[in-house]
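Undergrad: This is query08.txt, which holds compact mmCIF, C-alpha atoms:
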```txt
# COMPACT_ATOMS: atom_id res chain seq x y z
CA MET X 61 -5.27 229.16 61.59
CA LYS X 62 -4.83 226.27 59.19
CA GLN X 63 -5.70 226.95 55.55
CA LEU X 64 -7.51 224.37 53.41
CA PRO X 65 -7.78 224.03 49.64
CA LEU X 66 -11.19 224.92 48.24
CA GLY X 67 -11.59 221.75 46.21
CA ARG X 68 -9.31 221.84 43.17
CA THR X 69 -9.65 225.59 42.60
CA GLY X 70 -6.35 226.76 44.06
CA ILE X 71 -8.22 229.03 46.49
CA MET X 72 -7.20 228.61 50.15
CA VAL X 73 -9.63 229.18 53.01
CA SER X 74 -9.41 229.00 56.79
CA GLU X 75 -10.68 225.88 58.57
CA TRP X 76 -13.26 228.09 60.30
CA CYS X 77 -15.68 230.30 58.37
CA LEU X 78 -17.64 233.26 59.71
CA GLY X 79 -21.34 232.79 59.03
CA THR X 80 -23.28 236.02 58.54
CA MET X 81 -26.92 234.99 58.49
CA THR X 82 -27.80 237.28 61.42
CA PHE X 83 -26.13 240.34 59.85
CA GLY X 84 -28.74 243.02 59.21
CA ASN X 85 -31.30 241.58 61.62
CA GLN X 86 -30.20 240.29 65.03
CA THR X 87 -26.69 241.66 64.47
CA PRO X 88 -26.57 245.39 63.66
CA GLU X 89 -24.06 246.62 61.11
CA ASP X 90 -21.51 248.10 63.51
CA ASP X 91 -21.27 244.84 65.44
CA ALA X 92 -21.19 242.82 62.21
CA HIS X 93 -18.24 244.87 60.97
CA ARG X 94 -16.51 244.37 64.31
CA GLN X 95 -16.98 240.62 63.92
CA ILE X 96 -15.35 240.61 60.49
CA ASP X 97 -12.37 242.52 61.89
CA MET X 98 -12.08 240.15 64.85
CA SER X 99 -12.25 237.11 62.59
CA LEU X 100 -9.48 238.42 60.35
CA ASP X 101 -7.34 239.10 63.40
CA ALA X 102 -7.87 235.45 64.43
CA GLY X 103 -6.74 234.14 61.05
CA ILE X 104 -10.19 233.54 59.55
CA ASN X 105 -10.35 234.74 55.94
CA PHE X 106 -13.60 233.05 54.92
CA LEU X 107 -17.12 234.60 55.06
CA ASP X 108 -20.35 232.84 54.10
CA THR X 109 -23.61 234.57 53.24
CA ALA X 110 -26.62 234.16 50.92
CA GLU X 111 -28.97 236.37 48.97
CA MET X 112 -31.88 235.38 51.26
CA TYR X 113 -30.10 236.28 54.53
CA PRO X 114 -30.67 237.43 57.26
CA VAL X 115 -32.76 234.75 58.97
CA ASN X 116 -34.67 234.50 62.27
CA PRO X 117 -37.05 235.22 60.70
CA ILE X 118 -36.57 235.35 56.93
CA ARG X 119 -38.63 238.20 55.49
CA THR X 120 -38.96 239.54 51.96
CA GLU X 121 -38.10 243.03 53.15
CA THR X 122 -34.78 241.96 54.65
CA VAL X 123 -33.55 239.75 51.79
CA GLY X 124 -30.05 240.82 50.78
CA MET X 125 -29.21 242.75 53.94
CA SER X 126 -26.45 240.37 55.04
CA GLU X 127 -24.72 240.80 51.68
CA GLN X 128 -25.20 244.57 51.95
CA THR X 129 -23.61 244.58 55.39
CA ILE X 130 -20.53 242.79 54.07
CA GLY X 131 -20.46 245.11 51.05
CA ASN X 132 -20.48 248.16 53.30
CA TRP X 133 -17.53 246.68 55.25
CA ILE X 134 -15.62 246.15 51.99
CA ALA X 135 -16.35 249.70 50.85
CA LYS X 136 -15.41 251.16 54.23
CA THR X 137 -12.18 249.23 54.80
CA GLY X 138 -10.83 248.52 51.34
CA ARG X 139 -9.77 245.06 52.59
CA ARG X 140 -11.51 243.02 49.89
CA ASP X 141 -8.35 241.08 49.01
CA GLU X 142 -8.08 239.75 52.57
CA ILE X 143 -11.34 237.79 52.51
CA VAL X 144 -12.83 234.90 50.56
CA VAL X 145 -16.54 235.60 50.08
CA ALA X 146 -19.12 232.86 49.54
CA THR X 147 -22.77 233.48 48.78
CA LYS X 148 -25.74 231.51 47.43
CA VAL X 149 -28.67 231.67 45.03
CA SER X 150 -31.97 230.57 46.54
CA GLY X 151 -33.89 227.50 45.41
CA ASP X 152 -37.65 227.09 45.66
CA ASN X 153 -38.88 229.20 48.56
CA PRO X 154 -42.15 230.42 50.10
CA GLY X 155 -41.85 233.77 48.33
CA TRP X 156 -38.93 235.49 50.06
CA VAL X 157 -36.87 235.72 46.85
CA ARG X 158 -38.16 236.26 43.29
CA ASP X 159 -41.73 235.39 44.36
CA GLY X 160 -40.65 231.89 45.31
CA ARG X 161 -39.14 231.03 41.93
CA GLY X 162 -36.04 228.88 42.28
CA TYR X 163 -33.06 228.96 39.95
CA ASP X 164 -32.05 227.98 36.45
CA GLY X 165 -29.33 229.33 34.21
CA ALA X 166 -31.16 232.59 33.50
CA VAL X 167 -31.94 233.23 37.16
CA ILE X 168 -28.33 232.57 38.15
CA ARG X 169 -27.04 235.21 35.73
CA GLU X 170 -29.47 237.72 37.23
CA ALA X 171 -28.84 236.71 40.84
CA ILE X 172 -25.05 236.93 40.54
CA ASP X 173 -25.27 240.51 39.30
CA SER X 174 -27.58 241.41 42.19
CA SER X 175 -25.25 239.83 44.76
CA LEU X 176 -22.21 241.58 43.26
CA LYS X 177 -23.98 244.92 43.59
CA ARG X 178 -24.94 244.31 47.23
CA LEU X 179 -21.47 243.01 48.11
CA GLN X 180 -19.85 246.00 46.36
CA THR X 181 -17.28 243.76 44.71
CA ASP X 182 -16.33 242.72 41.19
CA VAL X 183 -16.12 239.00 41.89
CA ILE X 184 -17.69 236.38 44.16
CA ASP X 185 -15.10 233.83 45.29
CA LEU X 186 -17.52 230.93 45.85
CA TYR X 187 -21.02 230.84 44.40
CA GLN X 188 -23.36 228.17 45.76
CA MET X 189 -26.81 226.82 44.99
CA HIS X 190 -28.65 226.99 48.32
CA TRP X 191 -30.45 223.66 47.84
CA PRO X 192 -31.18 221.32 44.92
CA MET X 193 -34.19 222.20 42.80
CA ARG X 194 -35.27 218.53 42.74
CA GLY X 195 -35.58 218.50 46.56
CA SER X 196 -33.39 217.59 49.51
CA TYR X 197 -33.43 215.36 52.57
CA MET X 198 -31.80 218.04 54.72
CA PHE X 199 -33.54 220.02 57.48
CA ARG X 200 -35.15 216.92 59.03
CA GLN X 201 -36.75 215.87 55.74
CA ASN X 202 -34.69 212.66 55.93
CA TRP X 203 -37.41 211.10 58.12
CA THR X 204 -39.93 211.11 55.27
CA TYR X 205 -37.68 211.55 52.23
CA ASP X 206 -39.24 210.28 48.99
CA PRO X 207 -37.27 210.81 45.74
CA SER X 208 -39.64 208.64 43.69
CA GLY X 209 -41.16 211.64 41.93
CA GLN X 210 -37.85 212.84 40.52
CA ASN X 211 -37.26 212.78 36.78
CA ARG X 212 -33.65 211.90 36.07
CA GLN X 213 -33.47 213.46 32.61
CA GLN X 214 -35.01 216.70 33.84
CA THR X 215 -32.43 216.77 36.62
CA MET X 216 -29.56 216.20 34.18
CA ASP X 217 -30.85 218.90 31.83
CA HIS X 218 -31.25 221.33 34.74
CA MET X 219 -27.70 220.65 35.93
CA MET X 220 -26.27 221.31 32.48
CA ASP X 221 -28.24 224.54 32.14
CA VAL X 222 -26.93 225.72 35.52
CA LEU X 223 -23.34 224.63 34.86
CA GLU X 224 -23.29 226.37 31.48
CA ALA X 225 -24.51 229.61 33.07
CA LEU X 226 -21.92 229.32 35.83
CA ASP X 227 -19.24 228.71 33.20
CA GLU X 228 -20.24 231.98 31.53
CA MET X 229 -19.99 233.77 34.85
CA VAL X 230 -16.52 232.31 35.54
CA LYS X 231 -15.30 233.35 32.09
CA ALA X 232 -16.78 236.82 32.64
CA GLY X 233 -14.76 237.12 35.85
CA LYS X 234 -17.84 237.43 38.06
CA ILE X 235 -17.32 234.24 40.08
CA ARG X 236 -14.24 232.11 40.79
CA ALA X 237 -15.59 228.78 42.09
CA ILE X 238 -18.88 226.98 42.63
CA GLY X 239 -20.48 224.76 45.25
CA MET X 240 -23.73 223.15 46.36
CA SER X 241 -25.60 223.22 49.63
CA ASN X 242 -27.99 220.71 51.21
CA GLU X 243 -26.99 218.20 48.55
CA SER X 244 -26.77 214.39 48.50
CA ALA X 245 -23.94 212.06 47.45
CA TRP X 246 -25.82 211.15 44.27
CA GLY X 247 -26.41 214.80 43.47
CA MET X 248 -22.80 215.82 44.06
CA THR X 249 -21.40 213.05 41.88
CA ARG X 250 -23.80 213.90 39.05
CA TRP X 251 -22.85 217.59 39.18
CA ILE X 252 -19.17 216.64 39.11
CA ASP X 253 -19.45 213.97 36.42
CA GLN X 254 -21.37 216.28 34.11
CA ALA X 255 -18.91 219.12 34.65
CA ASP X 256 -15.87 216.92 34.08
CA LYS X 257 -17.33 215.43 30.91
CA ALA X 258 -18.27 218.82 29.43
CA GLY X 259 -15.27 220.82 30.65
CA LEU X 260 -17.45 223.03 32.85
CA PRO X 261 -16.80 224.37 36.39
CA ARG X 262 -16.57 221.63 38.99
CA MET X 263 -18.28 221.66 42.38
CA ALA X 264 -15.56 222.52 44.89
CA THR X 265 -17.65 222.51 48.06
CA VAL X 266 -20.85 221.28 49.62
CA GLN X 267 -22.47 223.13 52.50
CA ASN X 268 -24.43 220.66 54.63
CA GLU X 269 -25.38 220.56 58.29
CA TYR X 270 -22.80 218.73 60.39
CA SER X 271 -22.27 218.65 64.13
CA LEU X 272 -21.95 216.29 67.08
CA LEU X 273 -25.75 216.01 66.90
CA CYS X 274 -26.16 215.77 63.11
CA ARG X 275 -23.87 213.27 61.41
CA LEU X 276 -25.68 212.35 58.19
CA TYR X 277 -22.50 213.32 56.31
CA ASP X 278 -20.37 210.56 57.83
CA THR X 279 -20.94 207.79 55.27
CA ASP X 280 -21.78 208.31 51.58
CA MET X 281 -21.06 212.04 51.61
CA ALA X 282 -17.72 211.47 53.30
CA GLU X 283 -16.72 208.95 50.63
CA MET X 284 -17.77 211.36 47.88
CA ALA X 285 -15.80 214.20 49.46
CA VAL X 286 -12.58 212.23 49.83
CA ASN X 287 -12.66 210.80 46.30
CA GLU X 288 -13.77 214.00 44.57
CA ASP X 289 -11.76 216.55 46.60
CA VAL X 290 -14.87 218.35 47.82
CA LEU X 291 -14.55 220.56 50.90
CA LEU X 292 -17.40 220.32 53.41
CA LEU X 293 -18.61 223.70 54.64
CA SER X 294 -20.36 222.46 57.76
CA PHE X 295 -23.20 224.65 58.94
CA SER X 296 -24.68 224.65 62.44
CA PRO X 297 -21.57 223.06 64.04
CA LEU X 298 -23.02 224.14 67.41
CA ALA X 299 -26.48 222.81 66.46
CA CYS X 300 -28.08 226.26 66.64
CA GLY X 301 -26.69 226.75 70.15
CA LEU X 302 -27.83 223.42 71.58
CA LEU X 303 -24.23 222.28 72.09
CA THR X 304 -23.42 225.38 74.13
CA GLY X 305 -25.66 224.05 76.90
CA LYS X 306 -27.55 227.32 77.15
CA TYR X 307 -30.92 225.64 76.51
CA GLN X 308 -30.56 222.78 78.99
CA ASN X 309 -33.17 222.32 81.72
CA GLY X 310 -35.77 224.35 79.87
CA ALA X 311 -33.78 227.59 79.66
CA VAL X 312 -34.70 229.99 76.85
CA PRO X 313 -32.38 233.04 77.03
CA GLN X 314 -33.97 236.27 75.90
CA GLY X 315 -33.02 237.14 72.33
CA SER X 316 -31.72 233.62 71.65
CA ARG X 317 -32.60 231.70 68.52
CA LEU X 318 -34.91 229.43 70.50
CA SER X 319 -36.82 232.47 71.74
CA VAL X 320 -37.44 233.44 68.10
CA ASN X 321 -37.77 229.97 66.57
CA GLY X 322 -39.62 227.63 68.90
CA ASP X 323 -38.07 224.34 67.80
CA LEU X 324 -34.79 225.39 66.16
CA GLY X 325 -35.89 224.08 62.81
CA GLY X 326 -36.98 220.72 64.17
CA ARG X 327 -33.85 220.18 66.27
CA VAL X 328 -35.71 220.32 69.58
CA THR X 329 -36.92 216.81 70.40
CA ASP X 330 -37.21 214.73 73.55
CA ARG X 331 -34.10 212.83 72.44
CA VAL X 332 -31.88 215.87 72.01
CA TRP X 333 -31.56 216.89 75.67
CA PRO X 334 -29.87 213.71 76.95
CA ALA X 335 -27.64 213.72 73.86
CA VAL X 336 -26.55 217.30 74.54
CA GLN X 337 -25.96 216.45 78.19
CA ALA X 338 -23.70 213.56 77.21
CA TYR X 339 -21.44 215.95 75.29
CA LEU X 340 -21.58 218.59 78.02
CA ASP X 341 -20.48 215.95 80.53
CA ILE X 342 -17.50 215.00 78.34
CA ALA X 343 -16.47 218.65 78.09
CA THR X 344 -16.78 219.13 81.85
CA LYS X 345 -14.80 215.96 82.61
CA HIS X 346 -11.90 217.19 80.49
CA GLY X 347 -12.03 220.85 81.47
CA LEU X 348 -13.18 221.99 78.03
CA ASP X 349 -15.60 224.71 77.02
CA PRO X 350 -18.35 222.76 75.19
CA VAL X 351 -18.27 225.33 72.38
CA HIS X 352 -14.55 224.81 71.92
CA MET X 353 -14.94 221.03 72.03
CA ALA X 354 -17.69 221.04 69.39
CA MET X 355 -15.67 223.25 67.06
CA ALA X 356 -12.38 221.40 67.62
CA TRP X 357 -14.11 218.08 66.88
CA GLN X 358 -14.75 219.26 63.33
CA ARG X 359 -10.98 219.18 62.73
CA THR X 360 -10.77 215.50 63.68
CA ARG X 361 -12.83 214.20 60.77
CA PRO X 362 -11.34 212.01 58.01
CA PHE X 363 -12.38 214.52 55.34
CA ALA X 364 -11.71 218.24 54.88
CA VAL X 365 -14.02 220.59 56.79
CA SER X 366 -14.32 224.34 57.07
CA ALA X 367 -16.81 224.85 59.91
CA ILE X 368 -19.23 227.76 59.50
CA PHE X 369 -20.12 229.33 62.81
CA GLY X 370 -22.16 232.41 63.59
CA ALA X 371 -22.32 234.78 66.52
CA THR X 372 -25.21 237.13 67.19
CA THR X 373 -22.88 239.47 69.08
CA SER X 374 -19.17 240.19 69.11
CA ALA X 375 -19.14 239.07 72.77
CA GLN X 376 -20.25 235.59 71.65
CA LEU X 377 -17.62 235.68 68.93
CA THR X 378 -14.94 236.41 71.52
CA GLN X 379 -15.88 233.22 73.38
CA ILE X 380 -15.78 231.11 70.22
CA LEU X 381 -12.46 232.52 69.03
CA ALA X 382 -10.86 231.80 72.39
CA GLY X 383 -10.97 228.12 71.39
CA LYS X 384 -9.43 228.46 67.95
CA ASP X 385 -6.30 226.52 68.94
CA VAL X 386 -7.97 223.82 71.03
CA ALA X 387 -7.05 220.24 70.04
CA LEU X 388 -8.85 217.17 71.36
CA SER X 389 -7.07 214.22 72.92
CA ASP X 390 -7.64 210.67 71.72
CA ASP X 391 -9.51 210.01 74.96
CA VAL X 392 -11.95 212.85 74.32
CA ILE X 393 -12.53 211.70 70.75
CA ALA X 394 -13.17 208.12 71.92
CA GLN X 395 -15.73 209.34 74.46
CA ILE X 396 -17.43 211.47 71.80
CA ASP X 397 -17.65 208.41 69.54
CA ALA X 398 -19.19 206.39 72.37
CA ALA X 399 -21.73 209.13 73.08
CA GLN X 400 -22.70 209.26 69.43
CA MET X 401 -23.41 205.53 69.42
CA GLN X 402 -25.60 205.95 72.50
CA HIS X 403 -27.46 208.95 71.04
CA PRO X 404 -27.66 208.52 67.26
CA MET X 405 -29.79 210.99 65.27
CA PRO X 406 -31.28 212.90 68.22
CA PHE X 407 -33.28 215.09 65.83
```
Mind converting the file's structure to structure tokens?
TA:
Amino acid sequence: MKQLPLGRTGIMVSEWCLGTMTFGNQTPEDDAHRQIDMSLDAGINFLDTAEMYPVNPIRTETVGMSEQTIGNWIAKTGRRDEIVVATKVSGDNPGWVRDGRGYDGAVIREAIDSSLKRLQTDVIDLYQMHWPMRGSYMFRQNWTYDPSGQNRQQTMDHMMDVLEALDEMVKAGKIRAIGMSNESAWGMTRWIDQADKAGLPRMATVQNEYSLLCRLYDTDMAEMAVNEDVLLLSFSPLACGLLTGKYQNGAVPQGSRLSVNGDLGGRVTDRVWPAVQAYLDIATKHGLDPVHMAMAWQRTRPFAVSAIFGATTSAQLTQILAGKDVALSDDVIAQIDAAQMQHPMPF
């Protein structure tokens, strides 16, 4: 599998990344460990997690279990050097982590030590802020986004406090690289400008939602990424399973995400079903598995992408990995572009 540079860090990661947000909840530990082994066999060296995982649902009592599951795999196998591990500190939250308190420099120092302990490792390869403390337009908040209450100087001071703490952690050998998640083009350029000016660690990645159904990244964020050498870690490339087709015509498979989360985080709308069908029809016309088409499409973008996918079971992972070498023809790409113009922003 193709390897991509993690920003300007010198770290190389696979163009697919195994997401682990079901580890410790929907995915029991033995199956989670099997998935890591399978991914390595397929050429995937990149794992993404977060201190607040697992999800579906997020509960205070399960916080950290995904990291613990990965840590137990590391301890059991001794294969730490074969994987690049990414995790995240939580921002403001309803109380799952640190009683809802978000992050600043002091919290980050504490959170990194906790994640290192759960992961049973000496160093985190990529440490990310799960969402900006000033707010974000991600997760369908773009429809009502209002940044007018932000205080620019407070944001700049917060960024410097965080970057200085991360610099300490890099120098201490506890983390190697840093990234953001659910961030905007303005936010990313401010993080980078401040870091460059002060000689502090530079954002190497941004983890934002990106799929055939969610293409907010395609304009300002794409320009930022190309000019600043930022790698997109695209989450939900299958749109929480919508692009598999398994939910079409009112189907709700038992144990599926939709059976647990009734609207897939706001992704279920009247507009989404015809949009999904348009992509399913393209896949059928060209003899493609829709999962493989959706994942292969990520490689066609004019900016660097490592697509984060998750599988509740190793059987689902087997299906996804079967498409790891699929490449899309120009005709397929043109039809995807036409479908996107017909069905923009379906959720």
Undergrad: Report as a count of residues only all protein, DNA and RNA residues lying within 6 Å of X:Asn242, evaluated on all atoms listed in the file, omitting residues in the same chain fewer than 6 positions from it.
TA: 3
Undergrad: Applying 12 Å and all atoms listed in the file, which residues near X:Gln376 remain after dropping the ones on its own chain fewer than 5 positions away? List them as a PDB file with C-alpha atoms, keeping the file's coordinate frame.
TA:
```pdb
ATOM      1  CA  THR X  87     -26.690 241.660  64.470  1.00  0.00           C
ATOM      2  CA  ASP X  91     -21.270 244.840  65.440  1.00  0.00           C
ATOM      3  CA  ALA X  92     -21.190 242.820  62.210  1.00  0.00           C
ATOM      4  CA  GLN X  95     -16.980 240.620  63.920  1.00  0.00           C
ATOM      5  CA  MET X  98     -12.080 240.150  64.850  1.00  0.00           C
ATOM      6  CA  GLY X 301     -26.690 226.750  70.150  1.00  0.00           C
ATOM      7  CA  THR X 304     -23.420 225.380  74.130  1.00  0.00           C
ATOM      8  CA  SER X 316     -31.720 233.620  71.650  1.00  0.00           C
ATOM      9  CA  VAL X 351     -18.270 225.330  72.380  1.00  0.00           C
ATOM     10  CA  PHE X 369     -20.120 229.330  62.810  1.00  0.00           C
ATOM     11  CA  GLY X 370     -22.160 232.410  63.590  1.00  0.00           C
ATOM     12  CA  ALA X 371     -22.320 234.780  66.520  1.00  0.00           C
ATOM     13  CA  LEU X 381     -12.460 232.520  69.030  1.00  0.00           C
ATOM     14  CA  ALA X 382     -10.860 231.800  72.390  1.00  0.00           C
ATOM     15  CA  GLY X 383     -10.970 228.120  71.390  1.00  0.00           C
TER      16      GLY X 383
END
```
Undergrad: Would you compute the distance between atom CA of X:Gly247 and atom CA of X:Val328? Give it in Å to one decimal.
TA: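 Separation of atom CA of X:Gly247 and atom CA of X:Val328: 28.3 Å.
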Undergrad: What is the distance between atom CA of X:Cys77 and atom CA of X:Ile368, in Å to one decimal?
TA: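 If I compute the distance from atom CA of X:Cys77 to atom CA of X:Ile368, I get 4.5 Å.
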Undergrad: Which residues come within 12 Å of X:Gly233, counting only C-alpha atoms, excluding same-chain residues fewer than 2 positions away, as a list in words?
TA: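 Counting only the stated atoms, we get Ile172, Asp173, Leu176, Thr181, Asp182, Val183, Ile184, Asp185, Leu226, Asp227, Glu228, Met229, Val230, Lys231, Ile235, Arg236 and Ala237 of chain X.
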Undergrad: What is the distance, in Å and to one decimal place, between atom CA of X:Leu377 and atom CA of X:Trp76?
TA: 12.3 Å
Undergrad: Could you produce a table of the residues of stretch 237-302 of chain X lying within 10 Å of stretch 334-349 of chain X, with the nearest pair of atoms per residue and their separation in Å rounded to one decimal, using all atoms listed in the file, ordered by chain and increasing residue number, as a tab-separated table?
TA:
```
residue	atom	partner	partner_atom	distance
X:Leu272	CA	X:Tyr339	CA	8.2
X:Leu273	CA	X:Ala335	CA	7.6
X:Ala299	CA	X:Val336	CA	9.8
X:Leu302	CA	X:Val336	CA	6.9
```
Undergrad: List as JSON, numbers by chain the protein and nucleic acid residues near X:Glu121, meaning an atom at most 12 Å away when only C-alpha atoms are counted, but skip any in the same chain fewer than 3 places from it.
TA: {"X": [84, 85, 112, 113, 114, 115, 117, 118, 124, 125, 155, 156, 157, 158]}
Undergrad: Stretch 278-326 of chain X near stretch 200-217 of chain X within 12 Å: what's each residue's closest atom pair and its distance in Å to one decimal, counting all atoms listed in the file, ordered by chain then ascending residue number, as CSV?
TA:
```
residue,atom,partner,partner_atom,distance
X:Asp323,CA,X:Arg200,CA,11.9
X:Leu324,CA,X:Arg200,CA,11.1
X:Gly325,CA,X:Arg200,CA,8.1
X:Gly326,CA,X:Arg200,CA,6.6
```
